[in-house]
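A short worksheet on the structure shown next.
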Amino acid sequence: MTSPHLTVVDHPLVQHKLTLMRKKETSTAGFRQLLREISLLLAYEVTRELPLTRQPIETPLQRMEAPTLEGKKLALVSILRAGNGLMDGILELIPSARVGFVGLYRDPETLQPVQYYSKLPSGLEDRMTIVVDPMLATGNSSAAAIDLIKAAGAKNIRFLCLLAAPEGVARMAEAHPDVPIVTASLDEKLDSHGYIVPGLGDAGDRMFGTK
Ligand code: URA
């Protein structure tokens, strides 16, 4: 499956670390460490289009006009709870980013996502906003989270995940064709329980050691 707004980061280090994360015998501590490492590499790709301006500086040798990030600090929005694992690594790379959280659960009757928490930074209209959730499965909660984030003013949004299912990519392309997706892998499909296969299991359980 191809999609003009999907980027699969096929860097050897990303792919190697992802394989270690997929292995069922990888420990919680190992999974968390790998997630932090891989999130730094994915952050490199998702921030590729941050605008630059020039600033006069002095090196020990001479003056120069040096590139520096332009505009307001970017915003990271974690979709609870698994998004927090991806966000921690990115914050190491971009410590000045503003941070927001969106919590959604699936209504057992309607199967639709329902918001239970939302806290977003101000000034989203002027910030690149990176929404993070490790698993793009059905895409329903990601699309609903982006609805909320757009309603709060964000216009320049990117979605960062570790694994994507074709179903989730299609749902996002339909609901938010203006939101580019960056992922480490486009997996085969969803199973009947909504898990990505081959996948890595429940990302939240694996990073927090829950069951
Ligand atoms: N969420 C997960 O944590 N894993 C999946 O495979 C799908 C959704």
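Here, A, B, ... name the chains of the structure tokens in the order displayed, residue numbers run from 1 inside each chain, and ligands are numbered from 1 in the same displayed order.
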| said: How would you report the residues lying within 6 Å of ligand 1, as a list in words, if you count only C-alpha atoms and all ligand atoms? | reply: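 Checking only C-alpha atoms and all ligand atoms against ligand 1 at 6 Å gives Met135, Ala137, Gly194, Tyr195, Ile196, Gly199, Gly201, Asp202, Ala203 and Gly204 of chain A.
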Which residues of region 7-62 of chain A come within 12 Å of region 121-130 of chain A, and for each one, what is the closest pair of atoms and their distance in Å to one decimal, counting only C-alpha atoms, sorted by chain and residue number, as JSON lines?
```
{"residue": "A:Leu42", "atom": "CA", "partner": "A:Ile130", "partner_atom": "CA", "distance": 11.5}
{"residue": "A:Ala43", "atom": "CA", "partner": "A:Ile130", "partner_atom": "CA", "distance": 9.4}
{"residue": "A:Glu45", "atom": "CA", "partner": "A:Ile130", "partner_atom": "CA", "distance": 11.6}
{"residue": "A:Val46", "atom": "CA", "partner": "A:Ile130", "partner_atom": "CA", "distance": 7.9}
{"residue": "A:Thr47", "atom": "CA", "partner": "A:Ile130", "partner_atom": "CA", "distance": 8.6}
{"residue": "A:Arg48", "atom": "CA", "partner": "A:Met128", "partner_atom": "CA", "distance": 11.4}
{"residue": "A:Glu49", "atom": "CA", "partner": "A:Met128", "partner_atom": "CA", "distance": 9.5}
{"residue": "A:Leu50", "atom": "CA", "partner": "A:Met128", "partner_atom": "CA", "distance": 7.6}
{"residue": "A:Pro51", "atom": "CA", "partner": "A:Met128", "partner_atom": "CA", "distance": 9.6}
```
Legend entry - Per-residue DSSP, region 40-159 of chain A, filtered to strand (DSSP E), as a PyMOL selection string: chain A and resi 52-58+63-69+75-79+98-106+113-119+128-132+135-136+156-159
For Thr28 (chain A), work out the shell of residues within 12 Å, counting only C-alpha atoms and skipping chain neighbours fewer than 6 positions away, then give it as a PDB file with C-alpha atoms, in the first residue's frame.
```
ATOM      1  CA  LEU A  20      14.173  -6.107  18.957  1.00  0.00           C
ATOM      2  CA  MET A  21      10.979  -4.408  20.179  1.00  0.00           C
ATOM      3  CA  ARG A  22       8.767  -6.867  18.304  1.00  0.00           C
ATOM      4  CA  LEU A  34      14.547   0.834  22.647  1.00  0.00           C
ATOM      5  CA  LEU A  35      11.453   3.005  22.398  1.00  0.00           C
ATOM      6  CA  GLY A  85       6.646   6.457  25.766  1.00  0.00           C
ATOM      7  CA  ASP A 202      -0.067  -4.067  23.254  1.00  0.00           C
ATOM      8  CA  ALA A 203       2.403  -1.185  23.234  1.00  0.00           C
ATOM      9  CA  GLY A 204       1.150   0.249  26.561  1.00  0.00           C
ATOM     10  CA  ASP A 205       1.426  -3.116  28.319  1.00  0.00           C
ATOM     11  CA  ARG A 206       4.875  -3.720  26.912  1.00  0.00           C
ATOM     12  CA  MET A 207       6.238  -0.322  27.922  1.00  0.00           C
ATOM     13  CA  PHE A 208       4.614  -0.179  31.363  1.00  0.00           C
ATOM     14  CA  GLY A 209       4.772  -3.895  32.275  1.00  0.00           C
ATOM     15  CA  THR A 210       0.985  -4.203  32.694  1.00  0.00           C
ATOM     16  CA  LYS A 211      -1.297  -6.972  31.417  1.00  0.00           C
TER      17      LYS A 211
END
```
* To do: Write out as a list of chain:residue names which residues come within 9 Å of His11 (chain A) when counting only C-alpha atoms, dropping same-chain ones fewer than 3 positions away.
  =>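 After dropping sequence-adjacent residues, the list is A:Val8, A:Val14, A:Gln15, A:His16, A:Leu41, A:Ala184.
Excluding Gln112 (chain A) and any residue on its chain fewer than 3 positions from it, the residues at most 12 Å away by only C-alpha atoms are Leu104, Tyr105, Arg106, Asp107, Pro108, Glu109, Gln115, Thr138, Gly139, Asn140, Ser141, Ser142, Ala143 and Ala144 of chain A.
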Okay, now the selection with C-alpha atoms, as a PDB file, in the first residue's frame?
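Result file again_9.pdb:
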```pdb
ATOM      1  CA  LEU A 104      -9.756   8.675  24.692  1.00  0.00           C
ATOM      2  CA  TYR A 105     -11.504   5.390  25.436  1.00  0.00           C
ATOM      3  CA  ARG A 106     -13.650   3.271  23.185  1.00  0.00           C
ATOM      4  CA  ASP A 107     -17.362   3.207  24.091  1.00  0.00           C
ATOM      5  CA  PRO A 108     -18.162  -0.516  24.401  1.00  0.00           C
ATOM      6  CA  GLU A 109     -21.584  -0.071  22.749  1.00  0.00           C
ATOM      7  CA  GLN A 115     -12.697  11.864  25.159  1.00  0.00           C
ATOM      8  CA  THR A 138      -7.984   1.302  13.233  1.00  0.00           C
ATOM      9  CA  GLY A 139      -7.101   4.986  13.165  1.00  0.00           C
ATOM     10  CA  ASN A 140     -10.377   5.893  14.921  1.00  0.00           C
ATOM     11  CA  SER A 141      -8.823   7.290  18.102  1.00  0.00           C
ATOM     12  CA  SER A 142      -6.014   9.028  16.198  1.00  0.00           C
ATOM     13  CA  ALA A 143      -8.531  10.683  13.860  1.00  0.00           C
ATOM     14  CA  ALA A 144     -10.683  11.730  16.844  1.00  0.00           C
TER      15      ALA A 144
END
```
Practice prompt. Would you list, as a ChimeraX atom specification, the residues of chain A that end up in alpha helix (DSSP H) under DSSP run on this structure's backbone?
Written response: /A:12-22,28-46,83-93,140-151,166-175,203-208
CA of Val169 (chain A) sits from CA of Glu92 (chain A) at a separation of 27.6 Å
### Test item: residues at most 8 Å from Thr68 (chain A), only C-alpha atoms, excluding those fewer than 4 positions along its chain, as a ChimeraX atom specification
/A:52-55
